[in-house]
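Q: What follows is a structure written as structure tokens; I'll ask about it next.
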Amino acid sequence: MKRHRKVSLIAGAVVVVSLTGSAVMLHRTDQLRPQATLEEVLYLSSPTVLKRASLGYDGLLADIYWTRAVQYFGVRHHNGARNYNLLFPLLDITTHLDPRLVVAYQFGASFLAPPPPGGAGQPERAIQLMEYGIQNNPDNWKLYYDLGFVYYMNLKDYSKAADAFERGSKVPNAHPFLRLLAAQMAEHAGEFDTARMMWNATYQNSQDKLIRQNAVEHLRALRVEEDVTYLQQAVTHFGGRAGRLPASMAELAAAEGLPGIPVDPDGHPYKLTPQGRVEVRVPDDFPFATKGLPPGFKPQPQFDNQPQ
Amino acid sequence: MKARIVHIASNTFREAVRDRVLYNLIAFAVLLSGAAILVGQISIDIEKLVVINLGLTAVSLFGIVIAIFIGIGLVSKEIEKRTLYTVLSRPVRRWEFIVGKFFGLAGTLVVNTFFMAIGVFAALFYVSHKFVRADALILVALYFIVLEFLIVCSLALLFSSFSSPLLSAVFAFSLFVIGSFAEDLRGFAGMAHGFTRWLVTGAAYLVPNLSAFNVISSIAHEQPVAAQLIWHNTLYALFYATMALSGAVLIFEHRNLK
């Protein structure tokens, strides 16, 4: 009995030591071959072959490929990558395996469409993905909305955006704002108003915390851009009248009849540089703003998510 | 007769439980709970889909593996251990032995599926915090999976009645794979001409059509299943399992056991 116990103890210890040893060696091997990770590998690139190989369990395989696409984008985005060669093939496989996986079209397009570092900079591929999604889910108005969003935000193609919103507005139970958006696109209405409407719609139509937060960030950035545009016009107006730049924001406010020192969405007063540029005090607080930032300022990469 | 079949079936069930077949439930529970927690962290917006897809796929695959690996040994093991002679020396007919074995294995799989279904619904409740009417569709998918088990059980038993366990496993698994491509096979038959067409069409109708039983992906997207499909699949499974079981009885009746 005593001998039996001794053998058990030794065998147990050997199991633990061997397992630890193999884990350590595996870790070391991974460090030697940093590129040899699943992230860069697409063993089978044909969606048709994969669908056949799944033996009918294609739903689960689609979930796995969708998770791979999310991880691929997430890791590369985090590392500030500029190319996303496998992103579209991964999304293509995912959506062919499960054409009803709507989340893959919506998020997939928002990974593909925005320019780097926000996304892959492949809006044409995003459109291809969305059209495939619409073909397979013609009654889902959100897909038409997302398609119009890509045309508007990333390609500035107003007529195609209007067409996408118009198509979506005809879907039963479509949100009424699609018709409104279609009309606004058709007449190229005010950029800020349209963008604000779209991000508001994004906020209202999603339950996802991250997406809602993202929409709020974009709305804050829009407000900054609008303020800065207006204040910059005021500076120009002041210069034309006084023949010099205003010495301070207070002087500008007094001369141009502003109700007070203008403040950004966080309540910080806008800054007027000696060169006459209007800037926000804390640029990092507005990662999506394209105006009011110091020259050469590069925001930290943020996930430029689009509406769901 | 009925009592003898029930007796053999209950013995088969007890033997499967003694062989620790139901231990697969532990692996299933770990897999499902692990996936439910992990997917929420590494993917986006598919927690519920994964629970349904993974849960039902695991129910199906675990069951198929059990059906094949238990089914192939049901007759050959009895011959090997010579327990078959003890059974047949009593007033038990050969066909009763085969039918009893079939019901025993099918019963094991139904019990196994029942516990797994509880696991699927528990995981679903964990990720959704509620049940909706469409979740009841999962029961249809589970019913189809059980029908699929009946077919695979009967095939495993058919092969077990005349072949070695290894070959039976290969045959049964091959038919399962081919059965998943049955619709393609019928498509190929439509493209062929002359004698080949007849040959391929015959083969396509002979192999089990398992693809019609797989509605997991549709169910995961809350797509309803036509009542007609439920009815057709039920009848098909009953016809096919009866055919394979009758084949097994036919072979076993004429087998020289000396």
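By convention in this document, the chains of the structure tokens carry letters A, B, ... by their order, each chain's residues are numbered from 1, and ligands are numbered from 1 in the order they are shown.
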Using only C-alpha atoms, which chain A residues lie at most 6 Å away from chain B, written as a PDB file with C-alpha atoms, in the first residue's frame?

A:
ATOM      1  CA  LEU A  55     -21.074  18.220 -43.044  1.00  0.00           C
ATOM      2  CA  GLY A  59     -23.732  27.479 -38.568  1.00  0.00           C
ATOM      3  CA  LEU A  60     -21.110  26.619 -35.988  1.00  0.00           C
ATOM      4  CA  THR A  67     -14.841  35.122 -34.264  1.00  0.00           C
TER       5      THR A  67
END

Q: Could you pull out the residues in segment 44-148 of chain B that DSSP calls alpha helix (DSSP H) from the backbone, as a PyMOL selection string?

A: chain B and resi 47-71+73-80+83-89+94-128+137-148

Q: Just the residues within 12 Å of Thr202 of chain A, please, counting only C-alpha atoms, with nothing from its chain fewer than 3 positions along; format it as a ChimeraX atom specification.

A: /A:106,142,145-146,149,175,177,195-199,205-219,305-308

Q: Could you dump the residues just selected with N, CA and C atoms as a JSON list (two decimals), in the first residue's frame?

A:
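Here's the written file part35.json:
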[["chain", "number", "residue", "atom", "x", "y", "z"],
["A", 106, "GLN", "N", -22.92, 43.77, -40.81],
["A", 106, "GLN", "CA", -22.94, 45.11, -40.21],
["A", 106, "GLN", "C", -21.56, 45.50, -39.65],
["A", 142, "LYS", "N", -31.95, 47.42, -41.80],
["A", 142, "LYS", "CA", -30.69, 47.92, -41.24],
["A", 142, "LYS", "C", -29.51, 47.73, -42.21],
["A", 145, "TYR", "N", -29.50, 50.53, -44.58],
["A", 145, "TYR", "CA", -29.01, 51.71, -43.86],
["A", 145, "TYR", "C", -27.48, 51.70, -43.79],
["A", 146, "ASP", "N", -26.93, 50.53, -43.45],
["A", 146, "ASP", "CA", -25.48, 50.41, -43.36],
["A", 146, "ASP", "C", -24.82, 50.62, -44.71],
["A", 149, "PHE", "N", -24.79, 54.18, -45.38],
["A", 149, "PHE", "CA", -23.82, 54.78, -44.48],
["A", 149, "PHE", "C", -22.40, 54.73, -45.09],
["A", 175, "HIS", "N", -37.45, 51.71, -40.61],
["A", 175, "HIS", "CA", -37.52, 52.91, -39.78],
["A", 175, "HIS", "C", -37.85, 54.12, -40.68],
["A", 177, "PHE", "N", -36.94, 57.13, -40.65],
["A", 177, "PHE", "CA", -35.89, 58.10, -40.98],
["A", 177, "PHE", "C", -35.14, 57.74, -42.26],
["A", 195, "ALA", "N", -24.98, 64.13, -40.90],
["A", 195, "ALA", "CA", -24.12, 63.26, -40.09],
["A", 195, "ALA", "C", -24.68, 63.14, -38.68],
["A", 196, "ARG", "N", -25.16, 64.24, -38.14],
["A", 196, "ARG", "CA", -25.71, 64.21, -36.78],
["A", 196, "ARG", "C", -26.94, 63.28, -36.73],
["A", 197, "MET", "N", -27.75, 63.39, -37.75],
["A", 197, "MET", "CA", -28.95, 62.54, -37.80],
["A", 197, "MET", "C", -28.55, 61.06, -37.85],
["A", 198, "MET", "N", -27.52, 60.75, -38.63],
["A", 198, "MET", "CA", -27.12, 59.36, -38.77],
["A", 198, "MET", "C", -26.55, 58.81, -37.47],
["A", 199, "TRP", "N", -25.72, 59.59, -36.82],
["A", 199, "TRP", "CA", -25.15, 59.08, -35.57],
["A", 199, "TRP", "C", -26.19, 59.02, -34.46],
["A", 205, "ASN", "N", -30.73, 53.13, -32.35],
["A", 205, "ASN", "CA", -31.09, 51.81, -32.87],
["A", 205, "ASN", "C", -30.21, 50.67, -32.40],
["A", 206, "SER", "N", -29.30, 50.95, -31.50],
["A", 206, "SER", "CA", -28.44, 49.88, -31.02],
["A", 206, "SER", "C", -28.56, 49.73, -29.52],
["A", 207, "GLN", "N", -28.48, 48.50, -29.07],
["A", 207, "GLN", "CA", -28.48, 48.23, -27.63],
["A", 207, "GLN", "C", -27.05, 47.98, -27.16],
["A", 208, "ASP", "N", -26.12, 47.87, -28.11],
["A", 208, "ASP", "CA", -24.75, 47.54, -27.76],
["A", 208, "ASP", "C", -24.06, 48.75, -27.12],
["A", 209, "LYS", "N", -23.47, 48.52, -25.95],
["A", 209, "LYS", "CA", -22.86, 49.61, -25.18],
["A", 209, "LYS", "C", -21.73, 50.28, -25.96],
["A", 210, "LEU", "N", -20.89, 49.44, -26.60],
["A", 210, "LEU", "CA", -19.74, 49.98, -27.34],
["A", 210, "LEU", "C", -20.18, 50.84, -28.52],
["A", 211, "ILE", "N", -21.20, 50.35, -29.21],
["A", 211, "ILE", "CA", -21.69, 51.08, -30.39],
["A", 211, "ILE", "C", -22.32, 52.41, -29.98],
["A", 212, "ARG", "N", -23.05, 52.38, -28.89],
["A", 212, "ARG", "CA", -23.68, 53.62, -28.42],
["A", 212, "ARG", "C", -22.61, 54.61, -27.97],
["A", 213, "GLN", "N", -21.59, 54.11, -27.31],
["A", 213, "GLN", "CA", -20.50, 54.98, -26.86],
["A", 213, "GLN", "C", -19.78, 55.58, -28.07],
["A", 214, "ASN", "N", -19.59, 54.74, -29.09],
["A", 214, "ASN", "CA", -18.94, 55.18, -30.32],
["A", 214, "ASN", "C", -19.75, 56.29, -31.00],
["A", 215, "ALA", "N", -21.08, 56.11, -31.01],
["A", 215, "ALA", "CA", -21.96, 57.12, -31.61],
["A", 215, "ALA", "C", -21.86, 58.44, -30.83],
["A", 216, "VAL", "N", -21.80, 58.33, -29.51],
["A", 216, "VAL", "CA", -21.67, 59.54, -28.67],
["A", 216, "VAL", "C", -20.37, 60.26, -29.00],
["A", 217, "GLU", "N", -19.28, 59.50, -29.16],
["A", 217, "GLU", "CA", -17.98, 60.10, -29.48],
["A", 217, "GLU", "C", -18.05, 60.83, -30.83],
["A", 218, "HIS", "N", -18.73, 60.23, -31.79],
["A", 218, "HIS", "CA", -18.85, 60.87, -33.10],
["A", 218, "HIS", "C", -19.71, 62.13, -33.02],
["A", 219, "LEU", "N", -20.76, 62.08, -32.21],
["A", 219, "LEU", "CA", -21.62, 63.27, -32.06],
["A", 219, "LEU", "C", -20.83, 64.40, -31.40],
["A", 305, "ASN", "N", -16.81, 52.36, -35.33],
["A", 305, "ASN", "CA", -17.94, 51.48, -35.58],
["A", 305, "ASN", "C", -19.10, 52.20, -36.25],
["A", 306, "GLN", "N", -19.78, 51.49, -37.07],
["A", 306, "GLN", "CA", -20.92, 52.09, -37.75],
["A", 306, "GLN", "C", -22.23, 51.57, -37.18],
["A", 307, "PRO", "N", -23.30, 52.15, -37.58],
["A", 307, "PRO", "CA", -24.57, 51.87, -36.93],
["A", 307, "PRO", "C", -25.06, 50.44, -37.04],
["A", 308, "GLN", "N", -25.78, 50.01, -36.03],
["A", 308, "GLN", "CA", -26.40, 48.68, -36.06],
["A", 308, "GLN", "C", -27.90, 48.84, -35.97]]

Q: Within 8 Å of Ala69 of chain A, counting only C-alpha atoms, which residues show up once you throw out same-chain ones fewer than 5 positions away? Write them as a list of chain:residue names, please.

A: A:Leu87, A:Leu90, A:Leu91

Q: Tell me, as JSON, numbers by chain, which residues lie within 8 Å of segment 152-164 of chain A, counting only C-alpha atoms; anything in the same chain fewer than 6 positions away does not count.

A: {"A": [113, 114, 115, 123, 144, 145, 181, 182, 183, 184, 185, 186, 188]}

Q: For Leu139 of chain B, find every residue with an atom within 12 Å (counting only C-alpha atoms), except residues of its own chain fewer than 2 positions away, and show them as a PyMOL selection string.

A: chain B and resi 52+56+113-114+116-118+120-121+133-137+141-146+215-216+219-220+224-225+230

Q: I need the residues from that last selection saved to file as an mmCIF file, in the first residue's frame (with C-alpha atoms), if you can.

A:
data_model
loop_
_atom_site.group_PDB
_atom_site.id
_atom_site.type_symbol
_atom_site.label_atom_id
_atom_site.label_comp_id
_atom_site.auth_asym_id
_atom_site.auth_seq_id
_atom_site.Cartn_x
_atom_site.Cartn_y
_atom_site.Cartn_z
ATOM 1 C CA ILE B 52 -27.490 27.131 -30.088
ATOM 2 C CA LEU B 56 -26.971 21.362 -31.004
ATOM 3 C CA THR B 113 -29.978 13.935 -25.547
ATOM 4 C CA PHE B 114 -32.486 14.837 -22.836
ATOM 5 C CA MET B 116 -27.825 17.656 -23.114
ATOM 6 C CA ALA B 117 -30.991 19.551 -24.048
ATOM 7 C CA ILE B 118 -31.293 20.701 -20.436
ATOM 8 C CA VAL B 120 -28.440 23.789 -23.976
ATOM 9 C CA PHE B 121 -31.459 25.549 -22.456
ATOM 10 C CA ARG B 133 -41.178 31.791 -28.009
ATOM 11 C CA ALA B 134 -38.712 31.096 -30.853
ATOM 12 C CA ASP B 135 -36.484 29.132 -28.436
ATOM 13 C CA ALA B 136 -39.078 26.365 -28.575
ATOM 14 C CA LEU B 137 -37.836 25.704 -32.125
ATOM 15 C CA ALA B 141 -33.940 20.535 -33.983
ATOM 16 C CA LEU B 142 -33.453 18.120 -31.065
ATOM 17 C CA TYR B 143 -36.257 15.927 -32.388
ATOM 18 C CA PHE B 144 -34.575 15.795 -35.806
ATOM 19 C CA ILE B 145 -31.285 14.913 -34.138
ATOM 20 C CA VAL B 146 -32.956 12.010 -32.334
ATOM 21 C CA VAL B 215 -31.899 22.494 -39.297
ATOM 22 C CA ILE B 216 -29.538 23.838 -36.628
ATOM 23 C CA ILE B 219 -33.235 27.348 -35.881
ATOM 24 C CA ALA B 220 -30.382 29.507 -34.583
ATOM 25 C CA PRO B 224 -39.587 28.287 -38.426
ATOM 26 C CA VAL B 225 -39.542 24.687 -39.648
ATOM 27 C CA ILE B 230 -41.308 17.410 -39.518
#
